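Asker: File follows, input-v6.cif with mmCIF, C-alpha atoms:
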```cif
data_coords
#
loop_
_atom_site.label_atom_id
_atom_site.label_comp_id
_atom_site.auth_asym_id
_atom_site.auth_seq_id
_atom_site.Cartn_x
_atom_site.Cartn_y
_atom_site.Cartn_z
CA MET X 1 91.55 140.65 75.98
CA ALA X 2 89.47 143.84 75.98
CA PHE X 3 87.81 142.64 79.19
CA ILE X 4 90.99 141.78 81.09
CA PHE X 5 90.88 144.80 83.42
CA PHE X 6 87.24 144.37 84.49
CA ALA X 7 87.90 141.92 87.34
CA ASP X 8 90.51 144.22 88.87
CA TYR X 9 88.14 147.17 88.45
CA ILE X 10 85.38 145.38 90.38
CA GLU X 11 87.83 144.39 93.11
CA MET X 12 89.13 147.94 93.48
CA TYR X 13 85.94 149.98 93.14
CA GLY X 14 83.06 147.61 93.84
CA LEU X 15 83.87 146.27 97.29
CA ASP X 16 81.30 148.51 98.97
CA ASP X 17 78.52 147.57 96.53
CA PHE X 18 77.98 143.88 97.05
CA GLU X 19 74.87 143.33 94.92
CA THR X 20 76.13 145.16 91.84
CA SER X 21 79.57 143.56 92.06
CA ALA X 22 78.14 140.05 92.45
CA LYS X 23 76.06 140.51 89.30
CA ALA X 24 79.09 141.90 87.49
CA PHE X 25 81.20 138.88 88.43
CA VAL X 26 78.63 136.56 86.88
CA SER X 27 78.81 138.46 83.58
CA ILE X 28 82.53 139.12 83.47
CA THR X 29 83.74 135.64 84.47
CA GLN X 30 82.18 134.25 81.30
CA PHE X 31 84.91 136.14 79.41
CA ILE X 32 87.83 136.36 81.86
CA SER X 33 88.83 134.70 85.11
CA CYS X 34 87.65 136.39 88.30
CA GLU X 35 88.82 133.98 91.04
CA PHE X 36 91.36 136.45 92.43
CA ALA X 37 88.96 139.38 92.43
CA VAL X 38 86.21 137.64 94.43
CA ARG X 39 88.43 136.91 97.41
CA PRO X 40 88.27 140.35 99.08
CA PHE X 41 84.47 140.00 98.90
CA ILE X 42 84.64 136.64 100.68
CA LEU X 43 86.76 138.21 103.41
CA LYS X 44 84.43 141.18 103.83
CA TYR X 45 81.01 139.58 103.40
CA LYS X 46 81.77 135.97 104.47
CA GLU X 47 78.45 134.05 104.66
CA GLU X 48 76.68 136.43 102.29
CA MET X 49 79.32 135.94 99.59
CA ILE X 50 79.51 132.18 100.07
CA GLU X 51 75.73 132.00 99.77
CA GLU X 52 75.96 133.90 96.48
CA MET X 53 78.72 131.60 95.22
CA THR X 54 76.64 128.56 96.14
CA LYS X 55 74.00 129.89 93.75
CA TRP X 56 76.73 130.30 91.11
CA SER X 57 77.54 126.60 91.46
CA LEU X 58 74.12 125.88 89.89
CA HIS X 59 74.51 128.36 87.03
CA GLU X 60 74.04 127.21 83.43
CA ASN X 61 77.44 128.60 82.37
CA HIS X 62 80.43 126.44 83.30
CA HIS X 63 82.71 129.46 83.79
CA VAL X 64 80.37 130.75 86.50
CA ARG X 65 80.20 127.33 88.12
CA ARG X 66 83.98 127.11 88.10
CA LEU X 67 84.26 130.55 89.72
CA ALA X 68 82.17 129.23 92.61
CA SER X 69 84.71 126.49 93.29
CA GLU X 70 87.96 128.16 92.28
CA GLY X 71 87.21 131.48 93.93
CA SER X 72 86.36 129.81 97.24
CA ARG X 73 89.54 127.75 97.50
CA PRO X 74 91.04 128.31 100.97
CA ARG X 75 94.60 128.35 99.60
CA LEU X 76 94.31 129.51 95.98
CA PRO X 77 97.93 129.82 94.68
CA TRP X 78 99.22 133.34 94.01
CA ALA X 79 96.13 134.80 95.66
CA MET X 80 95.28 135.99 99.15
CA ALA X 81 94.41 133.13 101.48
CA ILE X 82 91.06 132.97 103.23
CA PRO X 83 92.04 132.28 106.87
CA TYR X 84 88.55 131.52 108.16
CA LEU X 85 88.01 128.96 105.37
CA LYS X 86 91.39 127.39 106.11
CA LYS X 87 90.27 126.98 109.71
CA ASP X 88 86.74 125.79 108.93
CA PRO X 89 85.73 125.08 105.29
CA VAL X 90 82.28 123.68 106.11
CA SER X 91 80.49 126.66 104.52
CA ILE X 92 81.92 125.90 101.07
CA LEU X 93 81.15 122.18 101.09
CA PRO X 94 77.67 122.69 99.53
CA ILE X 95 79.42 124.31 96.55
CA LEU X 96 81.59 121.24 96.05
CA GLU X 97 78.62 118.94 96.58
CA ASN X 98 76.71 120.73 93.80
CA LEU X 99 79.65 120.36 91.43
CA LYS X 100 80.80 116.81 92.14
CA ASN X 101 79.15 115.49 88.95
CA ASP X 102 79.61 118.57 86.81
CA SER X 103 79.62 117.93 83.07
CA SER X 104 82.72 120.12 82.60
CA GLU X 105 86.16 118.67 83.35
CA TYR X 106 87.32 122.28 83.80
CA VAL X 107 84.91 122.59 86.73
CA ARG X 108 85.62 119.14 88.17
CA ARG X 109 89.35 119.82 88.25
CA SER X 110 88.66 122.99 90.22
CA VAL X 111 86.61 120.98 92.72
CA ALA X 112 89.55 118.58 93.12
CA ASN X 113 91.94 121.48 93.67
CA ASN X 114 89.60 122.93 96.29
CA LEU X 115 89.57 119.58 98.11
CA ASN X 116 93.36 119.43 97.96
CA ASP X 117 93.47 122.88 99.60
CA ILE X 118 91.15 121.68 102.36
CA VAL X 119 93.27 118.56 102.93
CA LYS X 120 96.24 120.67 104.04
CA ASP X 121 94.36 122.00 107.07
CA ASN X 122 91.42 119.63 107.54
CA PRO X 123 92.27 116.17 106.17
CA GLN X 124 89.46 114.43 108.05
CA ILE X 125 86.84 116.51 106.24
CA VAL X 126 88.18 115.39 102.86
CA LEU X 127 88.46 111.78 103.98
CA GLU X 128 84.80 111.91 104.99
CA ILE X 129 83.90 113.33 101.57
CA ALA X 130 85.95 110.58 99.89
CA ARG X 131 83.98 107.94 101.78
CA LYS X 132 80.69 109.64 100.93
CA TRP X 133 81.43 110.14 97.22
CA LYS X 134 83.15 106.81 96.54
CA GLY X 135 81.60 104.97 93.62
CA HIS X 136 79.08 107.72 92.90
CA SER X 137 80.38 108.07 89.33
CA LYS X 138 83.58 107.73 87.33
CA GLU X 139 83.91 111.52 87.29
CA THR X 140 83.44 111.84 91.04
CA ASP X 141 85.99 109.10 91.69
CA GLY X 142 88.42 111.11 89.56
CA ILE X 143 87.76 114.23 91.64
CA ILE X 144 88.48 112.32 94.85
CA LYS X 145 91.72 110.87 93.47
CA HIS X 146 93.05 114.25 92.35
CA GLY X 147 91.73 116.00 95.44
CA CYS X 148 93.52 113.54 97.73
CA ARG X 149 96.87 113.71 95.94
CA THR X 150 98.57 115.38 98.90
CA LEU X 151 97.37 112.59 101.22
CA LEU X 152 98.56 109.99 98.71
CA LYS X 153 102.00 111.59 98.58
CA GLN X 154 102.07 111.64 102.37
CA GLY X 155 101.22 107.94 102.46
CA HIS X 156 98.13 108.56 104.60
CA PRO X 157 96.89 105.09 105.70
CA GLU X 158 93.17 105.74 105.25
CA ILE X 159 93.40 107.07 101.71
CA LEU X 160 95.78 104.27 100.74
CA SER X 161 93.24 101.80 102.09
CA HIS X 162 90.49 103.68 100.21
CA TYR X 163 92.26 102.73 96.95
CA GLY X 164 93.34 99.25 98.06
CA LEU X 165 97.01 100.26 98.10
CA GLU X 166 98.69 97.95 100.60
CA SER X 167 102.23 96.59 100.49
CA THR X 168 101.96 93.00 101.72
CA ASN X 169 104.28 90.72 99.69
CA ILE X 170 105.45 93.62 97.51
CA GLU X 171 109.25 93.62 97.56
CA LEU X 172 111.89 96.11 96.50
CA SER X 173 115.33 94.81 95.58
CA SER X 174 118.61 95.86 93.97
CA PHE X 175 117.91 99.55 94.56
CA GLU X 176 120.97 101.32 93.14
CA ILE X 177 122.04 104.84 92.25
CA LYS X 178 124.05 104.59 89.02
CA THR X 179 125.39 108.15 89.33
CA PRO X 180 126.39 108.62 93.00
CA VAL X 181 128.06 111.92 92.05
CA VAL X 182 125.89 114.27 89.98
CA LYS X 183 126.84 117.61 88.48
CA ILE X 184 124.31 120.44 88.53
CA GLY X 185 122.84 120.37 85.04
CA ASP X 186 123.03 116.57 84.71
CA TYR X 187 120.77 113.68 85.69
CA LEU X 188 120.59 111.41 88.71
CA GLN X 189 120.20 107.88 87.34
CA PHE X 190 118.85 105.00 89.40
CA HIS X 191 117.11 101.66 89.10
CA PHE X 192 115.44 99.01 91.25
CA TYR X 193 113.44 95.80 90.93
CA LEU X 194 109.84 95.46 92.07
CA SER X 195 108.31 92.05 92.79
CA ASN X 196 104.66 91.24 93.34
CA LYS X 197 104.89 87.99 95.30
CA ASN X 198 101.17 87.72 95.83
CA GLN X 199 99.05 85.09 94.09
CA GLU X 200 96.82 87.78 92.59
CA PRO X 201 97.36 91.02 90.67
CA LYS X 202 98.06 94.07 92.82
CA THR X 203 97.63 97.77 92.21
CA ILE X 204 100.90 99.45 93.14
CA ARG X 205 101.52 103.17 93.43
CA LEU X 206 105.22 103.82 92.81
CA GLU X 207 106.93 107.07 93.76
CA TYR X 208 110.40 108.21 94.63
CA ALA X 209 111.53 110.94 97.00
CA VAL X 210 114.50 113.23 96.56
CA HIS X 211 115.70 114.65 99.86
CA TYR X 212 117.20 117.92 98.66
CA LYS X 213 119.88 119.65 100.66
CA LYS X 214 118.75 123.17 101.52
CA ALA X 215 120.70 126.38 102.14
CA LYS X 216 120.83 125.83 105.92
CA GLY X 217 122.08 122.27 105.51
CA HIS X 218 118.88 120.36 106.32
CA LEU X 219 117.13 118.01 103.90
CA ALA X 220 113.68 118.62 102.44
CA LYS X 221 111.73 115.82 100.77
CA LYS X 222 110.04 116.17 97.39
CA VAL X 223 107.96 113.25 96.11
CA PHE X 224 107.71 112.34 92.41
CA LYS X 225 105.22 109.84 91.00
CA ILE X 226 106.44 107.02 88.77
CA SER X 227 103.20 105.17 88.10
CA GLU X 228 100.10 103.59 89.54
CA LYS X 229 99.07 100.41 87.80
CA ILE X 230 98.28 96.72 88.22
CA TYR X 231 101.23 94.34 88.47
CA PRO X 232 100.72 90.63 87.63
CA PRO X 233 101.22 88.02 90.36
CA ASN X 234 104.64 86.47 90.94
CA GLU X 235 106.34 88.84 88.56
CA THR X 236 109.45 91.03 88.92
CA THR X 237 109.83 94.28 87.00
CA LYS X 238 112.90 96.45 86.55
CA ILE X 239 112.28 100.18 86.98
CA GLU X 240 114.75 102.78 85.71
CA ARG X 241 114.48 106.53 86.14
CA ASN X 242 116.44 109.75 85.58
CA GLN X 243 115.92 112.78 87.80
CA SER X 244 116.96 116.10 86.30
CA PHE X 245 119.23 118.54 88.10
CA LYS X 246 119.09 121.05 85.28
CA ILE X 247 118.82 124.61 86.57
CA ILE X 248 115.21 125.84 86.69
CA THR X 249 113.66 129.02 88.07
CA THR X 250 111.44 127.21 90.59
CA ARG X 251 114.19 125.34 92.46
CA VAL X 252 117.64 126.31 93.74
CA PHE X 253 120.14 123.46 94.02
CA HIS X 254 122.76 123.32 96.77
CA THR X 255 125.87 121.21 96.48
CA GLY X 256 126.57 118.46 99.00
CA MET X 257 124.99 115.19 100.10
CA HIS X 258 121.42 114.46 99.08
CA GLN X 259 119.28 111.34 99.52
CA LEU X 260 116.96 109.23 97.39
CA SER X 261 114.27 106.75 98.43
CA ILE X 262 111.58 104.63 96.77
CA ILE X 263 107.96 104.76 97.98
CA ILE X 264 105.70 101.75 97.43
CA ASN X 265 102.02 102.27 98.26
CA GLY X 266 102.96 104.99 100.71
CA THR X 267 105.76 103.04 102.42
CA GLU X 268 109.18 104.64 102.05
CA SER X 269 112.26 102.45 101.56
CA GLU X 270 115.72 102.98 102.95
CA THR X 271 117.47 106.08 101.63
CA LEU X 272 120.60 106.10 99.50
CA ASP X 273 123.06 108.99 99.45
CA PHE X 274 124.33 110.84 96.42
CA GLU X 275 126.45 113.95 96.08
CA LEU X 276 125.60 117.00 94.02
CA ILE X 277 128.56 119.01 92.74
CA GLU X 278 129.08 122.04 90.54
#
```
What does this structure look like when you write it as structure tokens?

Answerer:
Amino acid sequence: MAFIFFADYIEMYGLDDFETSAKAFVSITQFISCEFAVRPFILKYKEEMIEEMTKWSLHENHHVRRLASEGSRPRLPWAMAIPYLKKDPVSILPILENLKNDSSEYVRRSVANNLNDIVKDNPQIVLEIARKWKGHSKETDGIIKHGCRTLLKQGHPEILSHYGLESTNIELSSFEIKTPVVKIGDYLQFHFYLSNKNQEPKTIRLEYAVHYKKAKGHLAKKVFKISEKIYPPNETTKIERNQSFKIITTRVFHTGMHQLSIIINGTESETLDFELIE
């Protein structure tokens, strides 16, 4: 913890000394995280800083390699965005390419998060990477899957096809909300039956969407994953779930009518209403 202030110090006092600061980041990030502190340097020096971070992606220390990926994320949470990378992330793709088979899961997860940032503004770039990296290694396949999670939640046809997730002869039945009136602090309870009527096993990605009522009265959809697994042929499975409405700091609940739907391989079912009360 004695080093915790160093990243902030470099950010505040080193912005006009690129070479010294870049060397300092390499040393300091091996002890503390520097992904927030490097972002003003990316904004100021652009290509020069990205070139330096590309070199970091080949460093022997995994913390330095992770800084190359995490620090260059276009939409790093709780940090300043990098508008020019949101618009065109091509300059950081060599960093991700260098790290796609990294030996550290810590680094690979950062690569996936970087891809998921890029997806939000440039989905076609990530889809092209997914096609290029497919089958390269188990680790790379894992990066693609996690990096495309936003597209999977959106039910994007190409990424669903990439994973063989199609809904022919997959049937939903007896979808029912067991608690049509839910008190804030309690659980929404629901169940449904899923049938694979194909003659062969099928991989099925199951999700459900809660359409939350917002302060202005409109509904906003939030998708929750149930599972993704292989279902045997000609078999029906009962699925039961509880969705919490306990008060949490990250979500404000509003009383009134909400909706619930089931999503099978990206295809959303009919919605059912339920009421949230105090």

Asker: Just say which residues the PyMOL selection byres ((chain X and resi 251-255) around 8) picks in this file, as a ChimeraX atom specification.

Answerer: /X:184,212-215,245,247-250,256-257,275-278

Asker: Could you list the residues chosen by the PyMOL selection byres ((chain X and resi 101-114) around 9) in this structure as a PDB file with C-alpha atoms, keeping the file's coordinate frame?

Answerer:
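Output contents, as saved in selection_2.pdb:
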```
ATOM      1  CA  HIS X  62      80.430 126.440  83.300  1.00  0.00           C
ATOM      2  CA  HIS X  63      82.710 129.460  83.790  1.00  0.00           C
ATOM      3  CA  ARG X  65      80.200 127.330  88.120  1.00  0.00           C
ATOM      4  CA  ARG X  66      83.980 127.110  88.100  1.00  0.00           C
ATOM      5  CA  LEU X  67      84.260 130.550  89.720  1.00  0.00           C
ATOM      6  CA  SER X  69      84.710 126.490  93.290  1.00  0.00           C
ATOM      7  CA  GLU X  70      87.960 128.160  92.280  1.00  0.00           C
ATOM      8  CA  SER X  72      86.360 129.810  97.240  1.00  0.00           C
ATOM      9  CA  ARG X  73      89.540 127.750  97.500  1.00  0.00           C
ATOM     10  CA  PRO X  74      91.040 128.310 100.970  1.00  0.00           C
ATOM     11  CA  ARG X  75      94.600 128.350  99.600  1.00  0.00           C
ATOM     12  CA  LEU X  76      94.310 129.510  95.980  1.00  0.00           C
ATOM     13  CA  ILE X  95      79.420 124.310  96.550  1.00  0.00           C
ATOM     14  CA  LEU X  96      81.590 121.240  96.050  1.00  0.00           C
ATOM     15  CA  GLU X  97      78.620 118.940  96.580  1.00  0.00           C
ATOM     16  CA  ASN X  98      76.710 120.730  93.800  1.00  0.00           C
ATOM     17  CA  LEU X  99      79.650 120.360  91.430  1.00  0.00           C
ATOM     18  CA  LYS X 100      80.800 116.810  92.140  1.00  0.00           C
ATOM     19  CA  LEU X 115      89.570 119.580  98.110  1.00  0.00           C
ATOM     20  CA  ASN X 116      93.360 119.430  97.960  1.00  0.00           C
ATOM     21  CA  ASP X 117      93.470 122.880  99.600  1.00  0.00           C
ATOM     22  CA  ILE X 118      91.150 121.680 102.360  1.00  0.00           C
ATOM     23  CA  VAL X 119      93.270 118.560 102.930  1.00  0.00           C
ATOM     24  CA  HIS X 136      79.080 107.720  92.900  1.00  0.00           C
ATOM     25  CA  SER X 137      80.380 108.070  89.330  1.00  0.00           C
ATOM     26  CA  GLU X 139      83.910 111.520  87.290  1.00  0.00           C
ATOM     27  CA  THR X 140      83.440 111.840  91.040  1.00  0.00           C
ATOM     28  CA  GLY X 142      88.420 111.110  89.560  1.00  0.00           C
ATOM     29  CA  ILE X 143      87.760 114.230  91.640  1.00  0.00           C
ATOM     30  CA  ILE X 144      88.480 112.320  94.850  1.00  0.00           C
ATOM     31  CA  LYS X 145      91.720 110.870  93.470  1.00  0.00           C
ATOM     32  CA  HIS X 146      93.050 114.250  92.350  1.00  0.00           C
ATOM     33  CA  GLY X 147      91.730 116.000  95.440  1.00  0.00           C
ATOM     34  CA  CYS X 148      93.520 113.540  97.730  1.00  0.00           C
TER      35      CYS X 148
END
```

Asker: What gap, in Å, lies between atom CA of Asn265 of chain X and atom CA of Val210 of chain X?

Answerer: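 Those two atoms sit 16.7 Å apart.
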
Asker: Grab the atom CA of Lys46 of chain X to atom CA of Pro89 of chain X distance for me, in Å with one decimal place.

Answerer: 11.6 Å

Asker: Could you tell me which residues the PyMOL selection byres ((chain X and resi 64) around 9) returns for this structure, as a list in words?

Answerer: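 Checking the PyMOL selection byres ((chain X and resi 64) around 9) against this file, the residues are Phe25, Val26, Ser27, Thr29, Gln30, Met53, Trp56, Ser57, Leu58, His59, Glu60, Asn61, His62, His63, Arg65, Arg66, Leu67 and Ala68 of chain X.
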
Asker: Between atom CA of Gly266 of chain X and atom CA of Leu152 of chain X, what is the distance, to one decimal in Å?

Answerer: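 Separation between atom CA of Gly266 of chain X and atom CA of Leu152 of chain X: 7.0 Å.
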
Asker: Within 9 Å of Ala7 of chain X, counting all atoms listed in the file, which residues qualify if same-chain residues fewer than 5 places away don't, as a PDB file with C-alpha atoms, in the frame of the given file?

Answerer:
```
ATOM      1  CA  MET X  12      89.130 147.940  93.480  1.00  0.00           C
ATOM      2  CA  ALA X  24      79.090 141.900  87.490  1.00  0.00           C
ATOM      3  CA  PHE X  25      81.200 138.880  88.430  1.00  0.00           C
ATOM      4  CA  ILE X  28      82.530 139.120  83.470  1.00  0.00           C
ATOM      5  CA  THR X  29      83.740 135.640  84.470  1.00  0.00           C
ATOM      6  CA  ILE X  32      87.830 136.360  81.860  1.00  0.00           C
ATOM      7  CA  SER X  33      88.830 134.700  85.110  1.00  0.00           C
ATOM      8  CA  CYS X  34      87.650 136.390  88.300  1.00  0.00           C
ATOM      9  CA  GLU X  35      88.820 133.980  91.040  1.00  0.00           C
ATOM     10  CA  PHE X  36      91.360 136.450  92.430  1.00  0.00           C
ATOM     11  CA  ALA X  37      88.960 139.380  92.430  1.00  0.00           C
ATOM     12  CA  VAL X  38      86.210 137.640  94.430  1.00  0.00           C
TER      13      VAL X  38
END
```

Asker: Reconstruct segment 46-81 of chain X at the level of N, CA and C atoms, and format the result as a compact mmCIF listing (two decimals), in the frame of the given file.

Answerer:
```
# COMPACT_ATOMS: atom_id res chain seq x y z
N LYS X 46 81.81 137.34 103.92
CA LYS X 46 81.77 135.97 104.47
C LYS X 46 80.52 135.20 104.02
N GLU X 47 79.59 134.91 104.95
CA GLU X 47 78.45 134.05 104.66
C GLU X 47 77.62 134.56 103.48
N GLU X 48 77.47 135.86 103.38
CA GLU X 48 76.68 136.43 102.29
C GLU X 48 77.30 136.11 100.94
N MET X 49 78.63 136.22 100.86
CA MET X 49 79.32 135.94 99.59
C MET X 49 79.31 134.45 99.29
N ILE X 50 79.53 133.62 100.30
CA ILE X 50 79.51 132.18 100.07
C ILE X 50 78.12 131.72 99.63
N GLU X 51 77.09 132.32 100.20
CA GLU X 51 75.73 132.00 99.77
C GLU X 51 75.53 132.35 98.30
N GLU X 52 76.06 133.49 97.88
CA GLU X 52 75.96 133.90 96.48
C GLU X 52 76.72 132.92 95.58
N MET X 53 77.91 132.51 96.02
CA MET X 53 78.72 131.60 95.22
C MET X 53 78.09 130.20 95.16
N THR X 54 77.37 129.83 96.18
CA THR X 54 76.64 128.56 96.14
C THR X 54 75.59 128.60 95.03
N LYS X 55 74.95 129.74 94.86
CA LYS X 55 74.00 129.89 93.75
C LYS X 55 74.74 129.80 92.41
N TRP X 56 75.94 130.38 92.34
CA TRP X 56 76.73 130.30 91.11
C TRP X 56 77.04 128.85 90.74
N SER X 57 77.19 127.99 91.74
CA SER X 57 77.54 126.60 91.46
C SER X 57 76.43 125.87 90.72
N LEU X 58 75.24 126.47 90.63
CA LEU X 58 74.12 125.88 89.89
C LEU X 58 73.84 126.62 88.59
N HIS X 59 74.72 127.53 88.23
CA HIS X 59 74.51 128.36 87.03
C HIS X 59 74.66 127.53 85.76
N GLU X 60 73.99 127.95 84.70
CA GLU X 60 74.04 127.21 83.43
C GLU X 60 75.40 127.33 82.74
N ASN X 61 76.15 128.39 83.02
CA ASN X 61 77.44 128.60 82.37
C ASN X 61 78.56 127.97 83.19
N HIS X 62 79.40 127.17 82.55
CA HIS X 62 80.43 126.44 83.30
C HIS X 62 81.50 127.36 83.86
N HIS X 63 81.73 128.51 83.25
CA HIS X 63 82.71 129.46 83.79
C HIS X 63 82.23 130.02 85.13
N VAL X 64 80.93 130.25 85.23
CA VAL X 64 80.37 130.75 86.50
C VAL X 64 80.45 129.66 87.56
N ARG X 65 80.13 128.43 87.16
CA ARG X 65 80.20 127.33 88.12
C ARG X 65 81.65 127.12 88.60
N ARG X 66 82.59 127.25 87.70
CA ARG X 66 83.98 127.11 88.10
C ARG X 66 84.40 128.22 89.06
N LEU X 67 83.92 129.44 88.83
CA LEU X 67 84.26 130.55 89.72
C LEU X 67 83.80 130.25 91.14
N ALA X 68 82.66 129.58 91.28
CA ALA X 68 82.17 129.23 92.61
C ALA X 68 83.17 128.36 93.36
N SER X 69 83.75 127.40 92.66
CA SER X 69 84.71 126.49 93.29
C SER X 69 86.11 127.09 93.40
N GLU X 70 86.58 127.65 92.30
CA GLU X 70 87.96 128.16 92.28
C GLU X 70 88.11 129.39 93.17
N GLY X 71 87.13 130.27 93.13
CA GLY X 71 87.21 131.48 93.93
C GLY X 71 87.12 131.23 95.42
N SER X 72 86.52 130.11 95.81
CA SER X 72 86.36 129.81 97.24
C SER X 72 87.44 128.90 97.79
N ARG X 73 88.46 128.60 97.00
CA ARG X 73 89.54 127.75 97.50
C ARG X 73 90.22 128.41 98.70
N PRO X 74 90.41 127.70 99.80
CA PRO X 74 91.04 128.31 100.97
C PRO X 74 92.48 128.76 100.72
N ARG X 75 93.18 128.05 99.81
CA ARG X 75 94.60 128.35 99.60
C ARG X 75 94.92 128.57 98.11
N LEU X 76 94.10 129.29 97.40
CA LEU X 76 94.31 129.51 95.98
C LEU X 76 95.72 130.06 95.72
N PRO X 77 96.55 129.36 94.92
CA PRO X 77 97.93 129.82 94.68
C PRO X 77 97.98 131.22 94.07
N TRP X 78 98.96 131.98 94.50
CA TRP X 78 99.22 133.34 94.01
C TRP X 78 98.08 134.31 94.34
N ALA X 79 97.23 133.92 95.25
CA ALA X 79 96.13 134.80 95.66
C ALA X 79 96.13 134.90 97.17
N MET X 80 95.40 135.88 97.69
CA MET X 80 95.28 135.99 99.15
C MET X 80 94.56 134.77 99.69
N ALA X 81 95.06 134.26 100.81
CA ALA X 81 94.41 133.13 101.48
C ALA X 81 93.15 133.60 102.17
```
